[in-house]
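Chemist: Next up, protein00.txt (compact mmCIF, C-alpha atoms).
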```txt
# COMPACT_ATOMS: atom_id res chain seq x y z
CA MET A 1 125.62 32.42 44.55
CA SER A 2 127.67 32.30 41.36
CA ARG A 3 126.11 32.51 37.90
CA GLN A 4 127.02 28.88 37.28
CA VAL A 5 125.36 27.62 40.47
CA GLN A 6 122.30 29.72 39.62
CA GLY A 7 122.18 27.83 36.33
CA TYR A 8 122.27 24.52 38.18
CA VAL A 9 119.33 25.58 40.36
CA TYR A 10 117.25 26.69 37.35
CA LEU A 11 118.00 23.46 35.47
CA ALA A 12 117.08 21.32 38.47
CA LEU A 13 113.76 23.16 38.92
CA ALA A 14 113.03 22.82 35.20
CA MET A 15 113.52 19.06 35.38
CA LEU A 16 111.20 18.89 38.40
CA THR A 17 108.41 20.36 36.26
CA VAL A 18 109.15 17.85 33.50
CA GLY A 19 109.03 14.99 36.00
CA SER A 20 105.60 16.14 37.16
CA LYS A 21 103.97 16.27 33.72
CA LEU A 22 100.90 14.23 32.89
CA ILE A 23 100.34 12.21 29.72
CA ALA A 24 97.59 13.79 27.63
CA SER A 25 95.62 10.56 27.16
CA GLY A 26 92.57 10.64 24.93
CA LEU A 27 94.07 12.96 22.32
CA PRO A 28 96.08 12.12 19.19
CA PRO A 29 99.76 13.17 19.42
CA PHE A 30 99.74 16.19 17.09
CA SER A 31 96.42 17.41 18.49
CA ALA A 32 97.70 17.21 22.06
CA THR A 33 100.86 19.08 21.05
CA ALA A 34 99.01 21.80 19.14
CA LEU A 35 96.56 22.36 22.00
CA ARG A 36 99.44 22.50 24.48
CA PHE A 37 101.12 25.32 22.58
CA ALA A 38 97.84 27.07 21.77
CA ILE A 39 97.47 27.53 25.54
CA ALA A 40 101.12 28.25 26.38
CA PHE A 41 101.87 30.72 23.58
CA PRO A 42 99.39 33.48 24.63
CA VAL A 43 100.56 33.16 28.24
CA LEU A 44 104.17 33.68 27.19
CA LEU A 45 103.17 36.62 24.96
CA LEU A 46 101.43 38.26 27.93
CA LEU A 47 104.56 37.76 30.03
CA MET A 48 106.66 39.39 27.31
CA ARG A 49 104.28 42.35 27.15
CA ALA A 50 104.21 42.70 30.95
CA THR A 51 108.01 42.66 31.22
CA GLY A 52 108.68 44.72 28.09
CA ALA A 53 110.72 41.93 26.50
CA ARG A 54 111.50 42.21 22.79
CA LEU A 55 112.48 39.77 20.09
CA PRO A 56 115.86 40.45 18.48
CA ARG A 57 116.46 40.36 14.74
CA PHE A 58 117.64 36.95 13.60
CA SER A 59 119.92 35.99 10.75
CA ARG A 60 118.90 33.28 8.30
CA HIS A 61 121.16 30.86 10.18
CA ASP A 62 119.44 31.58 13.49
CA ARG A 63 115.95 31.35 11.99
CA LEU A 64 116.79 27.87 10.66
CA ILE A 65 118.16 26.80 14.05
CA LEU A 66 114.99 27.99 15.80
CA VAL A 67 112.71 26.10 13.39
CA ILE A 68 114.75 22.88 13.75
CA GLN A 69 114.85 23.29 17.53
CA ALA A 70 111.11 23.85 17.86
CA GLY A 71 110.27 21.12 15.35
CA ALA A 72 112.52 18.60 17.09
CA GLY A 73 111.69 19.25 20.73
CA SER A 74 108.38 21.06 20.83
CA VAL A 75 106.70 18.71 18.33
CA GLY A 76 108.99 15.80 17.48
CA TYR A 77 109.59 14.65 21.05
CA THR A 78 105.93 14.70 22.10
CA THR A 79 104.51 13.04 19.00
CA LEU A 80 107.23 10.39 18.76
CA LEU A 81 106.93 9.61 22.47
CA ILE A 82 103.14 9.22 22.38
CA SER A 83 103.34 7.14 19.18
CA GLY A 84 106.13 4.96 20.57
CA LEU A 85 104.29 4.31 23.85
CA SER A 86 101.37 2.90 21.87
CA LEU A 87 103.69 0.24 20.40
CA THR A 88 106.12 -0.66 23.18
CA SER A 89 106.07 -1.38 26.90
CA ALA A 90 106.39 1.39 29.47
CA ALA A 91 109.40 -0.39 30.96
CA ASP A 92 111.26 -0.44 27.63
CA ALA A 93 110.38 3.21 27.06
CA GLY A 94 111.65 4.13 30.51
CA VAL A 95 115.03 2.52 29.87
CA ILE A 96 115.40 4.25 26.49
CA ILE A 97 114.36 7.65 27.86
CA GLY A 98 116.98 7.11 30.56
CA THR A 99 119.69 7.47 27.91
CA LEU A 100 118.86 11.19 27.50
CA PRO A 101 121.86 12.41 29.56
CA VAL A 102 124.26 10.42 27.37
CA VAL A 103 122.51 11.41 24.12
CA SER A 104 122.55 15.07 25.18
CA ALA A 105 126.21 14.89 26.18
CA ALA A 106 127.02 13.33 22.78
CA ILE A 107 125.17 16.16 21.02
CA SER A 108 127.07 18.79 23.00
CA ILE A 109 130.37 17.17 22.05
CA LEU A 110 129.58 16.44 18.38
CA LEU A 111 127.48 19.50 17.45
CA LEU A 112 128.63 22.13 19.94
CA ARG A 113 132.30 21.06 19.75
CA GLU A 114 132.59 21.00 23.54
CA ARG A 115 135.45 19.14 25.21
CA PRO A 116 134.32 18.29 28.73
CA GLN A 117 136.75 17.17 31.40
CA ARG A 118 136.80 13.57 32.57
CA ALA A 119 135.07 14.42 35.88
CA LEU A 120 132.06 15.87 34.06
CA LEU A 121 131.78 12.84 31.78
CA LEU A 122 131.99 10.61 34.87
CA ALA A 123 129.11 12.56 36.43
CA VAL A 124 127.01 12.05 33.27
CA ALA A 125 127.79 8.31 33.31
CA LEU A 126 126.86 8.06 37.01
CA ALA A 127 123.58 9.90 36.45
CA THR A 128 122.73 7.68 33.48
CA ALA A 129 123.42 4.55 35.54
CA GLY A 130 121.04 5.90 38.14
CA VAL A 131 118.31 6.55 35.58
CA LEU A 132 118.66 3.07 34.11
CA SER A 133 118.42 1.63 37.62
CA ILE A 134 115.14 3.50 38.12
CA ALA A 135 113.72 2.40 34.78
CA PHE A 136 114.95 -1.21 34.65
CA THR A 137 112.34 -3.90 35.28
CA PRO A 138 113.66 -7.45 34.77
CA ASP A 139 110.27 -9.06 34.10
CA ALA A 140 108.95 -6.37 31.76
CA ALA A 141 107.48 -7.50 28.46
CA GLY A 142 105.55 -6.16 25.54
CA GLY A 143 108.16 -4.07 23.80
CA SER A 144 108.60 -3.82 20.05
CA LEU A 145 111.46 -2.81 17.79
CA SER A 146 109.45 -0.12 15.99
CA GLY A 147 108.11 1.30 19.26
CA ASN A 148 111.57 1.35 20.82
CA ALA A 149 112.97 3.07 17.73
CA LEU A 150 110.32 5.80 17.97
CA ILE A 151 111.15 6.34 21.66
CA PHE A 152 114.86 6.65 20.88
CA LEU A 153 114.16 9.16 18.10
CA ALA A 154 112.11 11.11 20.65
CA VAL A 155 115.14 11.15 22.94
CA VAL A 156 117.35 12.49 20.12
CA CYS A 157 114.75 15.19 19.41
CA GLU A 158 114.70 16.20 23.06
CA GLY A 159 118.50 16.38 23.12
CA LEU A 160 118.50 18.70 20.10
CA PHE A 161 115.76 20.81 21.65
CA ILE A 162 117.55 21.48 24.92
CA LEU A 163 120.94 22.26 23.38
CA LEU A 164 120.51 23.75 19.89
CA ASN A 165 119.92 27.24 21.32
CA LYS A 166 123.66 27.32 22.03
CA ARG A 167 124.28 27.42 18.26
CA LEU A 168 122.41 30.72 17.95
CA LYS A 169 124.61 33.65 16.99
CA THR A 170 122.12 36.17 18.40
CA GLU A 171 121.68 36.69 22.14
CA VAL A 172 118.09 35.72 23.08
CA ALA A 173 116.57 36.15 26.54
CA PRO A 174 114.98 33.02 28.09
CA LEU A 175 111.45 34.48 27.93
CA ALA A 176 111.77 35.45 24.26
CA LEU A 177 113.25 32.06 23.37
CA SER A 178 110.49 30.21 25.24
CA THR A 179 107.85 32.25 23.41
CA LEU A 180 109.43 31.49 20.05
CA MET A 181 109.56 27.76 20.83
CA ALA A 182 105.87 27.74 21.75
CA GLY A 183 104.81 29.79 18.72
CA ILE A 184 106.81 27.80 16.18
CA GLY A 185 105.79 24.56 17.88
CA PHE A 186 102.12 25.42 17.47
CA ILE A 187 102.53 26.22 13.77
CA VAL A 188 104.41 22.97 13.11
CA ALA A 189 101.88 20.83 15.01
CA ALA A 190 98.66 22.56 13.91
CA ILE A 191 98.64 21.38 10.28
CA PRO A 192 99.00 17.62 10.91
CA ALA A 193 96.62 17.99 13.89
CA ILE A 194 93.82 18.96 11.48
CA PHE A 195 94.12 15.60 9.71
CA GLU A 196 93.85 13.74 13.02
CA ALA A 197 90.28 15.08 13.42
CA PRO A 198 90.64 15.31 17.22
CA PHE A 199 87.03 16.45 17.81
CA ALA A 200 85.41 13.66 15.80
CA ASP A 201 84.87 11.36 18.78
CA GLY A 202 84.77 14.02 21.48
CA ILE A 203 87.42 14.93 24.06
CA SER A 204 87.28 13.90 27.71
CA ALA A 205 87.62 16.46 30.49
CA SER A 206 90.62 14.58 31.92
CA ALA A 207 92.46 14.81 28.58
CA VAL A 208 91.89 18.56 28.39
CA ALA A 209 92.96 19.00 32.01
CA ALA A 210 96.16 17.09 31.34
CA VAL A 211 97.00 19.24 28.32
CA VAL A 212 96.27 22.47 30.24
CA TYR A 213 98.58 21.36 33.05
CA TYR A 214 101.27 20.35 30.55
CA ALA A 215 100.96 23.74 28.81
CA LEU A 216 101.26 25.83 31.97
CA VAL A 217 103.71 23.90 34.17
CA PRO A 218 106.23 21.88 32.09
CA THR A 219 105.90 24.17 29.03
CA VAL A 220 105.68 27.77 30.32
CA GLY A 221 107.42 27.16 33.65
CA GLY A 222 109.79 24.48 32.40
CA PHE A 223 110.86 26.38 29.28
CA LEU A 224 111.63 29.56 31.22
CA LEU A 225 113.61 27.76 33.90
CA TRP A 226 115.52 25.59 31.42
CA TYR A 227 116.66 28.41 29.15
CA ALA A 228 117.53 30.62 32.14
CA GLY A 229 119.75 27.83 33.39
CA ALA A 230 121.14 26.71 30.03
CA GLU A 231 122.53 30.17 29.23
CA ARG A 232 124.64 29.99 32.40
CA VAL A 233 126.32 26.61 31.90
CA SER A 234 127.86 24.42 29.22
CA GLY A 235 125.89 22.00 27.09
CA THR A 236 127.41 18.96 28.77
CA GLU A 237 126.56 20.29 32.22
CA ALA A 238 122.98 20.94 31.09
CA ALA A 239 122.82 17.39 29.70
CA LEU A 240 123.60 16.02 33.15
CA PHE A 241 120.53 17.65 34.69
CA THR A 242 118.14 15.86 32.33
CA ALA A 243 118.65 12.82 34.57
CA LEU A 244 116.64 14.59 37.28
CA ALA A 245 113.37 14.28 35.33
CA PRO A 246 112.75 10.56 35.96
CA VAL A 247 114.03 10.96 39.53
CA SER A 248 111.46 13.66 40.25
CA ALA A 249 108.76 11.54 38.58
CA VAL A 250 109.50 8.61 40.90
CA MET A 251 109.66 10.82 44.01
CA LEU A 252 106.41 12.64 43.19
CA ALA A 253 104.66 9.35 42.46
CA PHE A 254 105.74 8.14 45.91
CA ILE A 255 104.82 11.35 47.76
CA ILE A 256 101.56 12.23 45.98
CA LEU A 257 100.24 8.93 44.65
CA GLY A 258 101.64 6.64 47.34
CA GLU A 259 103.30 4.33 44.80
CA PRO A 260 105.94 1.97 46.27
CA VAL A 261 109.64 2.62 45.68
CA GLY A 262 111.99 -0.38 45.37
CA LEU A 263 115.67 -0.75 46.19
CA SER A 264 116.73 -0.34 42.55
CA GLN A 265 114.84 2.95 42.36
CA ILE A 266 116.39 4.18 45.61
CA ALA A 267 119.84 3.23 44.29
CA GLY A 268 119.12 5.09 41.06
CA ILE A 269 118.01 8.22 42.89
CA VAL A 270 121.16 8.14 45.01
CA CYS A 271 123.36 7.85 41.89
CA VAL A 272 121.66 10.75 40.12
CA LEU A 273 121.66 13.04 43.14
CA ALA A 274 125.30 12.19 43.85
CA ALA A 275 126.25 13.15 40.30
CA VAL A 276 124.30 16.42 40.33
CA LEU A 277 125.30 17.50 43.84
CA GLY A 278 128.91 16.54 43.21
CA LEU A 279 128.97 18.77 40.15
CA ALA A 280 127.27 21.64 41.96
CA PHE A 281 129.59 21.53 44.98
CA ALA A 282 132.64 21.26 42.80
CA GLY A 283 131.59 24.35 40.85
CA SER A 284 132.82 22.66 37.69
CA ARG A 285 135.14 24.84 35.61
CA SER A 286 135.49 22.39 32.75
CA LEU A 287 133.78 24.58 30.16
CA LYS A 288 132.53 28.02 29.49
CA PRO A 289 128.97 28.19 28.14
CA ALA A 290 128.92 27.87 24.36
CA GLY A 291 128.56 31.14 22.52
CA GLY A 292 130.21 33.09 25.31
CA ARG A 293 127.08 33.07 27.51
```
Can you present the structure in this file as structure tokens?
Modeler:
Amino acid sequence: MSRQVQGYVYLALAMLTVGSKLIASGLPPFSATALRFAIAFPVLLLLMRATGARLPRFSRHDRLILVIQAGAGSVGYTTLLISGLSLTSAADAGVIIGTLPVVSAAISILLLRERPQRALLLAVALATAGVLSIAFTPDAAGGSLSGNALIFLAVVCEGLFILLNKRLKTEVAPLALSTLMAGIGFIVAAIPAIFEAPFADGISASAVAAVVYYALVPTVGGFLLWYAGAERVSGTEAALFTALAPVSAVMLAFIILGEPVGLSQIAGIVCVLAAVLGLAFAGSRSLKPAGGR
């Protein structure tokens, strides 16, 4: 298995963990985020100690990139998403979140200066069409402009989070990078979390369970898998795999929860899988990973 195909496998597994995550209901957004990283960070530190991993020395440029990356994805995405969902309909949010592959591809082109081939852009477009097919509900109602704007900003934050590591000038192992993201994310979220007074009205056991799951599976597992895959492929290729998250969410809801799956959702899944599998089988050579990785 080539290094590039290994990257595809890691990215796909990472998106499966994201698709399985639970919403931490019952907790304010910053409090849920801070608690998530308070759990994940020690676990990642223990993994670093067990494997003998070390943090490299970072330049001022790299330190700034890491802070922006953690602030945008580790905190910005979660808090904006939770806040937006309180103002808009789930259907509207699903459609907006479905634009993540396109937003991520735009970031890789504009910020990373990548020039993907037409076939790769076609795969991104096909995957996005599939995601929109999954999310689209003709009779949905209840959305709002402000809520939709918050959801879109969350999508931009997530795009920056998954790709900004390619602007680092220092080589960072996936475990070390995941640990940094969790540590910085906790610091950024902890201060505003204090003002939310999360313990004032008590916390339900289900809310704590959801945060613990989110900390261990999508955060620890998802971070490690994503950065292991992202260092092996280009930013545009990585952007394509973000389309697997809603696909896995729909499939897991059908398998585990017994929720019905309609024709539009089946069509969307087919489109996304066709785009991802087509790219994997082709062994796309459109780009080398940014930064020489």
Chemist: With the cut-off set at 9 Å and counting all atoms listed in the file, tabulate each residue of segment 236-270 of chain A with an atom at most that distance from an atom of segment 122-132 of chain A, showing the nearest atom pair and its distance in Å to one decimal, ordered by chain and increasing number, as a tab-separated table.
Modeler:
```
residue	atom	partner	partner_atom	distance
A:Thr236	CA	A:Val124	CA	8.3
A:Glu237	CA	A:Val124	CA	8.3
A:Ala239	CA	A:Val124	CA	7.7
A:Leu240	CA	A:Val124	CA	5.2
A:Phe241	CA	A:Ala127	CA	8.5
A:Ala243	CA	A:Ala127	CA	6.0
A:Leu244	CA	A:Val131	CA	8.4
A:Pro246	CA	A:Val131	CA	6.9
A:Val247	CA	A:Val131	CA	7.3
A:Ser264	CA	A:Gly130	CA	8.8
A:Gln265	CA	A:Gly130	CA	8.1
A:Ile266	CA	A:Gly130	CA	9.0
A:Ala267	CA	A:Gly130	CA	6.8
A:Gly268	CA	A:Gly130	CA	3.6
A:Ile269	CA	A:Gly130	CA	6.1
A:Val270	CA	A:Gly130	CA	7.2
```
Chemist: Which neighbours of segment 179-196 of chain A fall inside 7 Å, counting only C-alpha atoms, when residues of the same chain fewer than 6 positions from it are skipped, and could you give them as a list of chain:residue names?
Modeler: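 The residues satisfying every condition are A:Pro28, A:Phe30, A:Ser31, A:Thr33, A:Ala34, A:Phe37, A:Ala38, A:Ala40, A:Phe41, A:Leu44, A:Leu45, A:Val67, A:Ala70, A:Gly71, A:Ser74, A:Val75.
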Chemist: Output C-alpha atoms for every residue in that selection, as a compact mmCIF listing (two decimals), in the coordinates of the input.
Modeler:
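Result file is out24.txt:
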```txt
# COMPACT_ATOMS: atom_id res chain seq x y z
CA PRO A 28 96.08 12.12 19.19
CA PHE A 30 99.74 16.19 17.09
CA SER A 31 96.42 17.41 18.49
CA THR A 33 100.86 19.08 21.05
CA ALA A 34 99.01 21.80 19.14
CA PHE A 37 101.12 25.32 22.58
CA ALA A 38 97.84 27.07 21.77
CA ALA A 40 101.12 28.25 26.38
CA PHE A 41 101.87 30.72 23.58
CA LEU A 44 104.17 33.68 27.19
CA LEU A 45 103.17 36.62 24.96
CA VAL A 67 112.71 26.10 13.39
CA ALA A 70 111.11 23.85 17.86
CA GLY A 71 110.27 21.12 15.35
CA SER A 74 108.38 21.06 20.83
CA VAL A 75 106.70 18.71 18.33
```
Chemist: Kindly indicate which residue among A:Leu164, A:Ile255, A:Val233, A:Val261 lies nearest to Arg63 of chain A, using only C-alpha atoms for the distances.
Modeler: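 With only C-alpha atoms as the atom set, the closest residue is A:Leu164.
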Chemist: Between A:Ile65, A:Ile96, A:Val250, A:Leu224, which residue has the minimum interatomic distance to Arg167 of chain A, considering only C-alpha atoms?
Modeler: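 Once distances to Arg167 of chain A are computed over only C-alpha atoms, the minimum belongs to A:Ile65.
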Chemist: Using only C-alpha atoms, which of A:Leu163, A:Met251, A:Leu153, A:Ala119 sits nearest Ala275 of chain A?
Modeler: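 The answer is A:Ala119, which sits nearest to Ala275 of chain A.
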Chemist: Quick check, in Å to one decimal: how far apart do atom CA of Leu145 of chain A and atom CA of Thr88 of chain A lie?
Modeler: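 Computed distance, atom CA of Leu145 of chain A to atom CA of Thr88 of chain A, equals 7.9 Å.
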Chemist: Please, could N, CA and C atoms be added to segment 99-126 of chain A and the result written as a PDB file, in the coordinates of the input?
Modeler:
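In the end it all went to result.pdb:
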```pdb
ATOM      1  N   THR A  99     118.428   7.183  28.599  1.00  0.00           N
ATOM      2  CA  THR A  99     119.690   7.470  27.910  1.00  0.00           C
ATOM      3  C   THR A  99     119.822   8.945  27.546  1.00  0.00           C
ATOM      4  N   LEU A 100     118.829   9.782  27.889  1.00  0.00           N
ATOM      5  CA  LEU A 100     118.860  11.190  27.500  1.00  0.00           C
ATOM      6  C   LEU A 100     120.126  11.925  27.957  1.00  0.00           C
ATOM      7  N   PRO A 101     120.623  11.715  29.191  1.00  0.00           N
ATOM      8  CA  PRO A 101     121.860  12.410  29.560  1.00  0.00           C
ATOM      9  C   PRO A 101     123.037  12.081  28.637  1.00  0.00           C
ATOM     10  N   VAL A 102     123.163  10.807  28.260  1.00  0.00           N
ATOM     11  CA  VAL A 102     124.260  10.420  27.370  1.00  0.00           C
ATOM     12  C   VAL A 102     124.053  10.971  25.964  1.00  0.00           C
ATOM     13  N   VAL A 103     122.815  10.865  25.454  1.00  0.00           N
ATOM     14  CA  VAL A 103     122.510  11.410  24.120  1.00  0.00           C
ATOM     15  C   VAL A 103     122.775  12.912  24.088  1.00  0.00           C
ATOM     16  N   SER A 104     122.342  13.620  25.127  1.00  0.00           N
ATOM     17  CA  SER A 104     122.550  15.070  25.180  1.00  0.00           C
ATOM     18  C   SER A 104     124.026  15.415  25.271  1.00  0.00           C
ATOM     19  N   ALA A 105     124.767  14.644  26.072  1.00  0.00           N
ATOM     20  CA  ALA A 105     126.210  14.890  26.180  1.00  0.00           C
ATOM     21  C   ALA A 105     126.895  14.652  24.831  1.00  0.00           C
ATOM     22  N   ALA A 106     126.451  13.603  24.098  1.00  0.00           N
ATOM     23  CA  ALA A 106     127.020  13.330  22.780  1.00  0.00           C
ATOM     24  C   ALA A 106     126.728  14.472  21.815  1.00  0.00           C
ATOM     25  N   ILE A 107     125.525  15.033  21.882  1.00  0.00           N
ATOM     26  CA  ILE A 107     125.170  16.160  21.020  1.00  0.00           C
ATOM     27  C   ILE A 107     126.036  17.375  21.341  1.00  0.00           C
ATOM     28  N   SER A 108     126.255  17.633  22.626  1.00  0.00           N
ATOM     29  CA  SER A 108     127.070  18.790  23.000  1.00  0.00           C
ATOM     30  C   SER A 108     128.516  18.636  22.544  1.00  0.00           C
ATOM     31  N   ILE A 109     128.993  17.400  22.504  1.00  0.00           N
ATOM     32  CA  ILE A 109     130.370  17.170  22.050  1.00  0.00           C
ATOM     33  C   ILE A 109     130.470  17.207  20.530  1.00  0.00           C
ATOM     34  N   LEU A 110     129.513  16.556  19.841  1.00  0.00           N
ATOM     35  CA  LEU A 110     129.580  16.440  18.380  1.00  0.00           C
ATOM     36  C   LEU A 110     129.129  17.712  17.669  1.00  0.00           C
ATOM     37  N   LEU A 111     128.041  18.331  18.137  1.00  0.00           N
ATOM     38  CA  LEU A 111     127.480  19.500  17.450  1.00  0.00           C
ATOM     39  C   LEU A 111     127.988  20.820  18.010  1.00  0.00           C
ATOM     40  N   LEU A 112     128.187  20.879  19.329  1.00  0.00           N
ATOM     41  CA  LEU A 112     128.630  22.130  19.940  1.00  0.00           C
ATOM     42  C   LEU A 112     130.142  22.210  20.063  1.00  0.00           C
ATOM     43  N   ARG A 113     130.843  21.108  19.719  1.00  0.00           N
ATOM     44  CA  ARG A 113     132.300  21.060  19.750  1.00  0.00           C
ATOM     45  C   ARG A 113     132.848  21.303  21.163  1.00  0.00           C
ATOM     46  N   GLU A 114     132.112  20.847  22.168  1.00  0.00           N
ATOM     47  CA  GLU A 114     132.590  21.000  23.540  1.00  0.00           C
ATOM     48  C   GLU A 114     133.547  19.861  23.875  1.00  0.00           C
ATOM     49  N   ARG A 115     134.500  20.140  24.760  1.00  0.00           N
ATOM     50  CA  ARG A 115     135.450  19.140  25.210  1.00  0.00           C
ATOM     51  C   ARG A 115     135.424  19.070  26.733  1.00  0.00           C
ATOM     52  N   PRO A 116     134.462  18.337  27.271  1.00  0.00           N
ATOM     53  CA  PRO A 116     134.320  18.290  28.730  1.00  0.00           C
ATOM     54  C   PRO A 116     135.460  17.530  29.402  1.00  0.00           C
ATOM     55  N   GLN A 117     135.739  17.888  30.645  1.00  0.00           N
ATOM     56  CA  GLN A 117     136.750  17.170  31.400  1.00  0.00           C
ATOM     57  C   GLN A 117     136.226  15.804  31.824  1.00  0.00           C
ATOM     58  N   ARG A 118     137.154  14.944  32.224  1.00  0.00           N
ATOM     59  CA  ARG A 118     136.800  13.570  32.570  1.00  0.00           C
ATOM     60  C   ARG A 118     135.814  13.520  33.738  1.00  0.00           C
ATOM     61  N   ALA A 119     135.959  14.422  34.710  1.00  0.00           N
ATOM     62  CA  ALA A 119     135.070  14.420  35.880  1.00  0.00           C
ATOM     63  C   ALA A 119     133.617  14.675  35.477  1.00  0.00           C
ATOM     64  N   LEU A 120     133.414  15.564  34.508  1.00  0.00           N
ATOM     65  CA  LEU A 120     132.060  15.870  34.060  1.00  0.00           C
ATOM     66  C   LEU A 120     131.455  14.680  33.314  1.00  0.00           C
ATOM     67  N   LEU A 121     132.257  14.031  32.481  1.00  0.00           N
ATOM     68  CA  LEU A 121     131.780  12.840  31.780  1.00  0.00           C
ATOM     69  C   LEU A 121     131.455  11.714  32.768  1.00  0.00           C
ATOM     70  N   LEU A 122     132.254  11.615  33.839  1.00  0.00           N
ATOM     71  CA  LEU A 122     131.990  10.610  34.870  1.00  0.00           C
ATOM     72  C   LEU A 122     130.661  10.900  35.568  1.00  0.00           C
ATOM     73  N   ALA A 123     130.375  12.182  35.802  1.00  0.00           N
ATOM     74  CA  ALA A 123     129.110  12.560  36.430  1.00  0.00           C
ATOM     75  C   ALA A 123     127.928  12.190  35.539  1.00  0.00           C
ATOM     76  N   VAL A 124     128.070  12.418  34.219  1.00  0.00           N
ATOM     77  CA  VAL A 124     127.010  12.050  33.270  1.00  0.00           C
ATOM     78  C   VAL A 124     126.794  10.545  33.278  1.00  0.00           C
ATOM     79  N   ALA A 125     127.897   9.775  33.297  1.00  0.00           N
ATOM     80  CA  ALA A 125     127.790   8.310  33.310  1.00  0.00           C
ATOM     81  C   ALA A 125     127.114   7.824  34.597  1.00  0.00           C
ATOM     82  N   LEU A 126     127.462   8.442  35.733  1.00  0.00           N
ATOM     83  CA  LEU A 126     126.860   8.060  37.010  1.00  0.00           C
ATOM     84  C   LEU A 126     125.364   8.367  37.024  1.00  0.00           C
TER      85      LEU A 126
END
```
